[in-house]
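Structure record follows, encoded as structure tokens.
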2 protein chains.
Amino acid sequence: MKTNNGAPHVASLEPEYRGNENPFGAGGISDSGVDCAQCSLRELCFPPNLADEEMRNIDVLGGKRRKLVRGQSLFRAGYPFESLYVVKTGFFKTEVLTEDGRTQVTSFPMAGEILGMDGISTEAHSCDVIALEDSEVCLFPFHEIEALSAQMSALRRHLYKILSREIVRNQGLIVMLGTMCAEERVVAFLLNLSERFAARGYSPVEFHLRMSREEISSYLGLTIETVSRAFSHLREAKLIDVDKRHIHLFDIPGLQALLAKPAAAKNIFQ
Amino acid sequence: MKTNNGAPHVASLEPEYRGNENPFGAGGISDSGVDCAQCSLRELCFPPNLADEEMRNIDVLGGKRRKLVRGQSLFRAGYPFESLYVVKTGFFKTEVLTEDGRTQVTSFPMAGEILGMDGISTEAHSCDVIALEDSEVCLFPFHEIEALSAQMSALRRHLYKILSREIVRNQGLIVMLGTMCAEERVVAFLLNLSERFAARGYSPVEFHLRMSREEISSYLGLTIETVSRAFSHLREAKLIDVDKRHIHLFDIPGLQALLAKPAAAKNIFQ
DNA sequence: CGCAGTTTTGATTCATCTCAATTTGTGTGG
DNA sequence: CCACACAAATTGAGATGAATCAAAACTGCG
């Protein structure tokens with residue numbers, strides 16, 4: 001985890017690939033002899049310590065990729081579930097839609113994160129996934145993963161863990177929405193992005209937001225104006241600098257401290 | 001799904017079992033030759049259409065049960081993950097605890113629902129599970145399930161689906177917390193309980209709350225007072241009757257209608 | 001350069017929280 | 001069985017944080 005403090009190095013997950021406007025279907029899928037064993041995201045996609053032979057199985061599995069242009073959807077709610085996806089480059093949002101017409105952004109997946117797990121349950125997706133910038137995903141047809149997981153216990157356990165990790169991640173979001181005030185939510189959001197950039201070798205203190213205020217506010221269960229005011233207030237407090245979508249965190253411990261004094265002080269006596 | 005409308009039949013999930021005050025450890029686990037094939041919860045626990053032979057495998061797996069008295073914890077955050085559990089009788093709450101000392105109830109599991117899936121990811125639990133009344137769970141040591149799932153594709157797929165279903169369930173909670181106002185949350189909570197009682201053959205219109213107002217308000221991200229006022233308001237509107245923990249839903253379509261007109265009307269133009 | 005969309009900022013309203021008091025329910029011991 | 005204390009739930013009044021409404025500033029794009 002290098003930090004790149006100071007230097008004007010902005011975290012950049014700019015897409016390596018361009019073009020491909022095909023909005024749907026199998027279009028946009030390439031099969032370009034991908035080598036998962038060499039992939040820098042390997043430890044995010046797969047269980048550690050695989051034997052060479054096992055890794056070859058996975059190469060067969062993960063031979064396909066799909067490119068998406070900004071704004072394009074990877075899948076939408078109701079689409080039949082076919083694959084899991086790993087973000088190779090770029091940035092996405094997932095948006096949940098309910099029967100009664102409500103909509104909420106529930107995550108902002110980035111490189112190495114897995115998409116599509118919602119679909120396993122009913123064999124249809126329950127959310128939209130949309131690229132926030134030109135992006136690329138690796139495609140893993142689920143029936144193939146599933147079959148391979150019969151023989152490869154490491155893969156099977158990894159799948160169980162990935163699904164469970166998503167459950168725990170969502171629990172964190174639930175607690176945020178249920179217990180934090182507006183400014184705390186914004187801080188939690190920034191610190192979460194910071195950590196995830198850091199884990200990928202980018203600066204945890206300076207980065208570019210790929211999502212609009214609207215998308216942030218949806219994710220945080222707030223209005224655009226409240227998010228904007230929270231940013232301004234944090235800037236006045238010299239904790240961050242915000243210039244449009246460019247974020248600079250001046251004082252991460254200070255930001256963390258804002259989260260550490262919750263109204264849940266009552267719990268001390270439990 | 002029988003409805004039992006009208007009749008003064010109150011949903012009763014009273015425990016069949018009593019006693020056993022052992023607060024922890026292996027205490028309270030019985031091995032009483034359970035027969036999963038005959039269990040009325042079978043279709044909730046296991047994949048459908050298992051061959052007899054496969055069902056015998058599962059019987060071996062699920063031979064253990066654990067009884068809990070009201071207030072006792074099945075596990076707590078930080079405990080090493082060992083088993084998945086299925087609620088046999090009774091009622092629970094799951095409570096998530098964050099590093100910064102926040103707490104929130106995230107579900108109220110009842111008969112047939114599965115507990116412990118949060119632990120797979122890190123091999124330690126991330127929440128507390130506490131019995132709201134004297135209860136009993138069936139115990140499935142995860143390493144045994146996991147091993148059996150190598151041979152039994154139906155079980156393996158069922159596990160993937162169960163984990164995915166929990167992800168989707170949490171998404172619903174996220175949208176509720178992110179988009180609904182206080183009264184809507186309370187209505188959503190009541191309708192959710194109603195459906196789950198109905199699915200178990202109990203009355204969907206008349207039931208007893210096992211949880212306190214405090215626990216409800218934590219789950220809904222509100223204060224006790226706001227929940228209480230919402231109950232009173234719904235009673236004044238003749239949609240429900242509330243008497244302490246006894247709930248009677250007079251007008252389910254009317255309640256559903258309260259959820260159908262969200263602030264997300266703006267989305268019409270997207 | 002101008003126009004549409006996005007973001008910020010300000011003024012006001014409103015929903016929910018907070019604080020406080022009352023009611024109701026529950027358990028205990030005389 | 002009743003009196004009492006204690007906990008849970010309701011209700012009211014007032015404070016406040018976030019939403020809403022409105023306008024200005026900024027950005028990007030043709």
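Quick note on naming: the chains in the structure tokens go A, B, ... in the order shown, residues restart at 1 in each chain, and ligands are numbered from 1 in order of appearance.
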
*Can you list, as number ranges by chain, every protein, DNA or RNA residue that comes within 12 Å of DG12 in chain D when you count only C-alpha atoms (C1' of nucleotides), leaving out same-chain residues fewer than 2 positions away?*
B: 225, 229; C: 19-22; D: 10, 14

Could those selected residues go to a file with N, CA and C atoms (P, O5', C5', C4', C3', O3' and C1' of nucleotides), as a PDB file, in the first residue's frame?
ATOM      1  N   GLU B 225     -39.649   7.038  19.694  1.00  0.00           N
ATOM      2  CA  GLU B 225     -40.805   7.938  19.668  1.00  0.00           C
ATOM      3  C   GLU B 225     -41.411   8.036  18.275  1.00  0.00           C
ATOM      4  N   ARG B 229     -45.157   6.994  17.264  1.00  0.00           N
ATOM      5  CA  ARG B 229     -46.079   7.935  16.625  1.00  0.00           C
ATOM      6  C   ARG B 229     -46.596   7.389  15.304  1.00  0.00           C
TER       7      ARG B 229
ATOM      8  P    DC C  19     -31.346  15.596  24.382  1.00  0.00           P
ATOM      9  O5'  DC C  19     -32.530  16.160  25.278  1.00  0.00           O
ATOM     10  C5'  DC C  19     -33.033  17.472  25.031  1.00  0.00           C
ATOM     11  C4'  DC C  19     -34.322  17.674  25.799  1.00  0.00           C
ATOM     12  C3'  DC C  19     -34.328  17.072  27.212  1.00  0.00           C
ATOM     13  O3'  DC C  19     -34.808  18.064  28.109  1.00  0.00           O
ATOM     14  C1'  DC C  19     -36.238  16.380  26.016  1.00  0.00           C
ATOM     15  P    DA C  20     -34.876  17.758  29.697  1.00  0.00           P
ATOM     16  O5'  DA C  20     -36.427  17.467  29.892  1.00  0.00           O
ATOM     17  C5'  DA C  20     -37.389  18.363  29.340  1.00  0.00           C
ATOM     18  C4'  DA C  20     -38.779  17.870  29.671  1.00  0.00           C
ATOM     19  C3'  DA C  20     -38.898  17.146  31.014  1.00  0.00           C
ATOM     20  O3'  DA C  20     -40.036  17.639  31.699  1.00  0.00           O
ATOM     21  C1'  DA C  20     -39.804  15.818  29.301  1.00  0.00           C
ATOM     22  P    DA C  21     -40.372  17.198  33.229  1.00  0.00           P
ATOM     23  O5'  DA C  21     -41.867  16.662  33.079  1.00  0.00           O
ATOM     24  C5'  DA C  21     -42.743  17.301  32.157  1.00  0.00           C
ATOM     25  C4'  DA C  21     -43.900  16.365  31.876  1.00  0.00           C
ATOM     26  C3'  DA C  21     -44.379  15.601  33.109  1.00  0.00           C
ATOM     27  O3'  DA C  21     -45.793  15.675  33.179  1.00  0.00           O
ATOM     28  C1'  DA C  21     -43.933  14.108  31.347  1.00  0.00           C
ATOM     29  P    DT C  22     -46.584  14.933  34.407  1.00  0.00           P
ATOM     30  O5'  DT C  22     -47.313  13.751  33.608  1.00  0.00           O
ATOM     31  C5'  DT C  22     -47.921  14.023  32.344  1.00  0.00           C
ATOM     32  C4'  DT C  22     -48.473  12.736  31.780  1.00  0.00           C
ATOM     33  C3'  DT C  22     -49.138  11.838  32.819  1.00  0.00           C
ATOM     34  O3'  DT C  22     -50.429  11.476  32.352  1.00  0.00           O
ATOM     35  C1'  DT C  22     -47.531  10.623  31.574  1.00  0.00           C
TER      36       DT C  22
ATOM     37  P    DT D  10     -46.528   2.156  21.801  1.00  0.00           P
ATOM     38  O5'  DT D  10     -47.038   3.547  22.380  1.00  0.00           O
ATOM     39  C5'  DT D  10     -48.145   3.543  23.282  1.00  0.00           C
ATOM     40  C4'  DT D  10     -48.354   4.929  23.823  1.00  0.00           C
ATOM     41  C3'  DT D  10     -48.626   6.009  22.768  1.00  0.00           C
ATOM     42  O3'  DT D  10     -49.920   6.525  23.041  1.00  0.00           O
ATOM     43  C1'  DT D  10     -47.069   6.750  24.407  1.00  0.00           C
ATOM     44  P    DG D  14     -43.889  24.631  23.525  1.00  0.00           P
ATOM     45  O5'  DG D  14     -42.386  24.406  23.068  1.00  0.00           O
ATOM     46  C5'  DG D  14     -41.398  24.059  24.024  1.00  0.00           C
ATOM     47  C4'  DG D  14     -40.140  23.664  23.293  1.00  0.00           C
ATOM     48  C3'  DG D  14     -39.653  24.689  22.271  1.00  0.00           C
ATOM     49  O3'  DG D  14     -38.298  24.988  22.568  1.00  0.00           O
ATOM     50  C1'  DG D  14     -39.836  22.528  21.274  1.00  0.00           C
TER      51       DG D  14
END

*Near chain B, which residues of chain C fall within 9 Å when you count only C-alpha atoms (C1' of nucleotides), and what do they look like as an MDAnalysis selection string?*
chainID C and resid 15:17

Emit the selected residues as a CSV table (one decimal), in the first residue's frame, including C-alpha atoms (C1' of nucleotides).
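Saved to result-v6.csv:
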chain,number,residue,atom,x,y,z
C,15,DA,C1',-39.9,15.8,9.3
C,16,DT,C1',-37.7,13.8,12.7
C,17,DC,C1',-35.1,14.1,17.0

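If you look at CA of Arg70 in chain A and CA of Glu113 in chain A, they are 17.8 Å away from each other.
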
*Counting only C-alpha atoms (C1' of nucleotides), which residues from chain D have an atom at most 9 Å from any atom of chain A, and could you show them as a ChimeraX atom specification?*
/D:17-19

Can you write out the residues you just picked, keeping N, CA, C and O atoms (P, O5', C5', C4', C3', O3' and C1' of nucleotides), as a CSV table (one decimal), in the first residue's frame?
chain,number,residue,atom,x,y,z
D,17,DG,P,-28.5,20.4,14.5
D,17,DG,O5',-28.5,19.2,13.4
D,17,DG,C5',-29.1,18.0,13.6
D,17,DG,C4',-29.8,17.5,12.4
D,17,DG,C3',-28.9,17.7,11.1
D,17,DG,O3',-29.0,16.4,10.4
D,17,DG,C1',-31.0,18.8,10.8
D,18,DA,P,-28.1,16.1,9.2
D,18,DA,O5',-29.1,16.2,7.9
D,18,DA,C5',-30.3,15.3,8.0
D,18,DA,C4',-31.3,15.8,7.0
D,18,DA,C3',-30.8,16.0,5.6
D,18,DA,O3',-31.6,15.2,4.7
D,18,DA,C1',-32.1,17.9,6.3
D,19,DA,P,-31.7,15.3,3.2
D,19,DA,O5',-33.0,16.1,2.9
D,19,DA,C5',-34.3,15.6,3.4
D,19,DA,C4',-35.4,16.4,2.9
D,19,DA,C3',-35.5,16.6,1.4
D,19,DA,O3',-36.8,16.4,1.0
D,19,DA,C1',-35.4,18.7,2.5

Determine, using only C-alpha atoms, which residues of chain A have any atom at most 7 Å from an atom of chain B, and tabulate each with its shortest atom pair and distance in Å to one decimal place, rows ordered by chain and then rising number, as CSV.
residue,atom,partner,partner_atom,distance
A:Asp100,CA,B:Ala260,CA,4.9
A:Gly101,CA,B:Ala264,CA,6.8
A:Arg102,CA,B:Ala264,CA,5.6
A:Gln104,CA,B:Val175,CA,6.0
A:Met117,CA,B:Ser164,CA,6.1
A:Asp118,CA,B:Ser164,CA,5.5
A:Ile120,CA,B:Lys161,CA,5.5
A:Ser121,CA,B:Lys161,CA,4.2
A:Ala150,CA,B:Ala150,CA,5.0
A:Gln151,CA,B:Ala150,CA,6.9
A:Tyr160,CA,B:Ile120,CA,6.9
A:Lys161,CA,B:Ser121,CA,4.2
A:Ile162,CA,B:Ser121,CA,6.6
A:Leu163,CA,B:Leu163,CA,6.1
A:Ser164,CA,B:Ser121,CA,5.0
A:Arg165,CA,B:Ser121,CA,5.0
A:Glu166,CA,B:Ile167,CA,6.8
A:Ile167,CA,B:Ile167,CA,5.4
A:Val168,CA,B:Asp118,CA,5.8
A:Asn170,CA,B:Asn170,CA,6.4
A:Ile174,CA,B:Ile174,CA,5.6
A:Val175,CA,B:Gln104,CA,6.0
A:Leu177,CA,B:Leu177,CA,5.9
A:Gly178,CA,B:Gly221,CA,4.1
A:Thr179,CA,B:Gly221,CA,6.2
A:Leu220,CA,B:Gly178,CA,7.0
A:Gly221,CA,B:Gly178,CA,4.1
A:Leu259,CA,B:Asp100,CA,6.6
A:Ala260,CA,B:Asp100,CA,4.9
A:Pro262,CA,B:Arg102,CA,6.7
A:Ala264,CA,B:Arg102,CA,5.7

Write the residues of the preceding selection, restricted to N, CA and C atoms, as a tab-separated table (two decimals), in the first residue's frame.
chain	number	residue	atom	x	y	z
A	100	ASP	N	-41.96	-0.55	-6.08
A	100	ASP	CA	-42.70	0.69	-5.92
A	100	ASP	C	-41.96	1.89	-6.51
A	101	GLY	N	-41.02	1.63	-7.41
A	101	GLY	CA	-40.46	2.72	-8.19
A	101	GLY	C	-39.34	3.50	-7.53
A	102	ARG	N	-38.82	2.98	-6.42
A	102	ARG	CA	-37.70	3.66	-5.79
A	102	ARG	C	-36.40	3.18	-6.40
A	104	GLN	N	-32.03	3.40	-5.82
A	104	GLN	CA	-30.89	3.86	-5.03
A	104	GLN	C	-29.59	3.26	-5.51
A	117	MET	N	-23.47	-10.74	-8.44
A	117	MET	CA	-23.81	-11.77	-7.44
A	117	MET	C	-25.27	-11.74	-7.02
A	118	ASP	N	-25.91	-10.59	-7.19
A	118	ASP	CA	-27.34	-10.48	-6.89
A	118	ASP	C	-28.18	-11.42	-7.74
A	120	ILE	N	-27.65	-14.56	-8.73
A	120	ILE	CA	-27.61	-16.01	-8.50
A	120	ILE	C	-28.93	-16.50	-7.89
A	121	SER	N	-29.43	-15.72	-6.96
A	121	SER	CA	-30.58	-16.13	-6.17
A	121	SER	C	-31.80	-16.47	-7.00
A	150	ALA	N	-17.05	-27.54	-8.46
A	150	ALA	CA	-17.28	-28.89	-7.95
A	150	ALA	C	-15.95	-29.58	-7.70
A	151	GLN	N	-15.00	-29.38	-8.61
A	151	GLN	CA	-13.71	-30.06	-8.49
A	151	GLN	C	-12.71	-29.26	-7.68
A	160	TYR	N	-17.86	-18.88	-1.91
A	160	TYR	CA	-18.63	-18.69	-0.67
A	160	TYR	C	-18.15	-17.44	0.05
A	161	LYS	N	-16.86	-17.26	0.07
A	161	LYS	CA	-16.31	-16.10	0.80
A	161	LYS	C	-16.66	-14.78	0.12
A	162	ILE	N	-16.58	-14.78	-1.19
A	162	ILE	CA	-16.90	-13.55	-1.92
A	162	ILE	C	-18.35	-13.14	-1.69
A	163	LEU	N	-19.22	-14.11	-1.72
A	163	LEU	CA	-20.65	-13.82	-1.50
A	163	LEU	C	-20.86	-13.32	-0.07
A	164	SER	N	-20.21	-13.97	0.87
A	164	SER	CA	-20.33	-13.56	2.26
A	164	SER	C	-19.75	-12.17	2.47
A	165	ARG	N	-18.67	-11.87	1.80
A	165	ARG	CA	-18.04	-10.56	1.92
A	165	ARG	C	-18.99	-9.47	1.46
A	166	GLU	N	-19.74	-9.79	0.41
A	166	GLU	CA	-20.72	-8.82	-0.09
A	166	GLU	C	-21.83	-8.60	0.94
A	167	ILE	N	-22.21	-9.66	1.64
A	167	ILE	CA	-23.21	-9.52	2.70
A	167	ILE	C	-22.68	-8.58	3.79
A	168	VAL	N	-21.44	-8.78	4.17
A	168	VAL	CA	-20.86	-7.94	5.22
A	168	VAL	C	-20.72	-6.49	4.75
A	170	ASN	N	-22.60	-4.96	2.62
A	170	ASN	CA	-23.93	-4.35	2.66
A	170	ASN	C	-24.35	-4.01	4.09
A	174	ILE	N	-25.81	-0.49	5.55
A	174	ILE	CA	-27.04	-0.41	6.33
A	174	ILE	C	-26.82	0.39	7.61
A	175	VAL	N	-25.72	0.10	8.28
A	175	VAL	CA	-25.43	0.83	9.51
A	175	VAL	C	-25.19	2.31	9.22
A	177	LEU	N	-26.47	4.09	6.78
A	177	LEU	CA	-27.75	4.75	6.49
A	177	LEU	C	-28.63	4.84	7.73
A	178	GLY	N	-28.50	3.87	8.60
A	178	GLY	CA	-29.37	3.84	9.77
A	178	GLY	C	-28.91	4.70	10.93
A	179	THR	N	-27.61	4.97	11.01
A	179	THR	CA	-27.11	5.62	12.22
A	179	THR	C	-26.35	6.92	12.01
A	220	LEU	N	-25.87	7.89	-0.57
A	220	LEU	CA	-25.85	8.25	0.84
A	220	LEU	C	-27.23	8.49	1.43
A	221	GLY	N	-28.27	8.36	0.60
A	221	GLY	CA	-29.62	8.60	1.10
A	221	GLY	C	-29.86	10.05	1.49
A	259	LEU	N	-16.09	10.29	12.73
A	259	LEU	CA	-16.96	9.11	12.76
A	259	LEU	C	-16.95	8.41	14.11
A	260	ALA	N	-15.96	8.73	14.91
A	260	ALA	CA	-15.71	7.95	16.13
A	260	ALA	C	-16.55	8.39	17.31
A	262	PRO	N	-20.15	8.70	17.83
A	262	PRO	CA	-21.52	8.55	17.40
A	262	PRO	C	-22.51	8.81	18.53
A	264	ALA	N	-24.42	6.83	19.51
A	264	ALA	CA	-24.65	5.55	20.15
A	264	ALA	C	-23.91	5.42	21.48

*Considering only C-alpha atoms (C1' of nucleotides), return as a list in words whatever protein or nucleic-acid residues lie within 12 Å of DG25 in chain C, sequence-local ones (same chain, fewer than 4 positions apart) excluded.*
Asp243, Lys244 and Arg245 of chain B; DC6, DA7, DA8 and DA9 of chain D

Keeping N, CA and C atoms (P, O5', C5', C4', C3', O3' and C1' of nucleotides) for every residue in the selection just given, could you write it to a file as a CSV table (one decimal), in the first residue's frame?
chain,number,residue,atom,x,y,z
B,243,ASP,N,-51.9,-2.9,19.8
B,243,ASP,CA,-52.1,-2.9,21.3
B,243,ASP,C,-50.9,-3.5,21.9
B,244,LYS,N,-50.0,-2.6,22.3
B,244,LYS,CA,-48.7,-3.1,22.8
B,244,LYS,C,-48.0,-3.8,21.7
B,245,ARG,N,-47.8,-5.1,21.9
B,245,ARG,CA,-47.1,-5.8,20.9
B,245,ARG,C,-48.0,-6.6,19.9
D,6,DC,P,-36.4,1.2,41.7
D,6,DC,O5',-36.7,0.6,40.3
D,6,DC,C5',-36.9,-0.8,40.1
D,6,DC,C4',-37.2,-1.2,38.7
D,6,DC,C3',-36.5,-0.3,37.7
D,6,DC,O3',-35.9,-1.1,36.7
D,6,DC,C1',-38.8,-0.3,37.3
D,7,DA,P,-35.1,-0.5,35.5
D,7,DA,O5',-36.0,-0.9,34.3
D,7,DA,C5',-36.5,-2.3,34.2
D,7,DA,C4',-37.5,-2.3,33.1
D,7,DA,C3',-37.0,-1.7,31.8
D,7,DA,O3',-37.2,-2.5,30.7
D,7,DA,C1',-39.1,-0.8,32.4
D,8,DA,P,-37.0,-2.1,29.2
D,8,DA,O5',-38.5,-1.7,28.8
D,8,DA,C5',-39.5,-2.8,28.8
D,8,DA,C4',-40.8,-2.2,28.1
D,8,DA,C3',-40.5,-1.6,26.7
D,8,DA,O3',-41.5,-2.1,25.8
D,8,DA,C1',-41.5,0.0,28.1
D,9,DA,P,-41.6,-1.6,24.3
D,9,DA,O5',-42.7,-0.4,24.5
D,9,DA,C5',-44.0,-0.8,24.9
D,9,DA,C4',-44.8,0.5,24.9
D,9,DA,C3',-44.8,1.3,23.6
D,9,DA,O3',-46.1,1.4,23.1
D,9,DA,C1',-44.5,2.7,25.4

*asked:* Please return, as a VMD selection string, all residues of range 40-262 of chain B that DSSP assigns to strand (DSSP E or B) on the basis of the backbone.
replied: chain B and resid 64 to 68 73 to 75 80 83 to 89 91 to 97 103 to 107 110 114 to 115 124 127 to 131 135 to 141 206 to 208 240 to 243 246 to 249

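Residues lying within 10 Å of DC21 in chain D, counting only C-alpha atoms (C1' of nucleotides) and ignoring same-chain neighbours fewer than 2 positions away, are DA11, DT12 and DT13 of chain C; DA19 and DA23 of chain D.
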
_Near-Lys93 in chain A list (12 Å; only C-alpha atoms (C1' of nucleotides); drop same-chain fewer than 3 positions) as a PyMOL selection string_ = chain A and resi 70-76+87+90+96+104-110+113-115+127-133+135+210-212+214-216+218-219
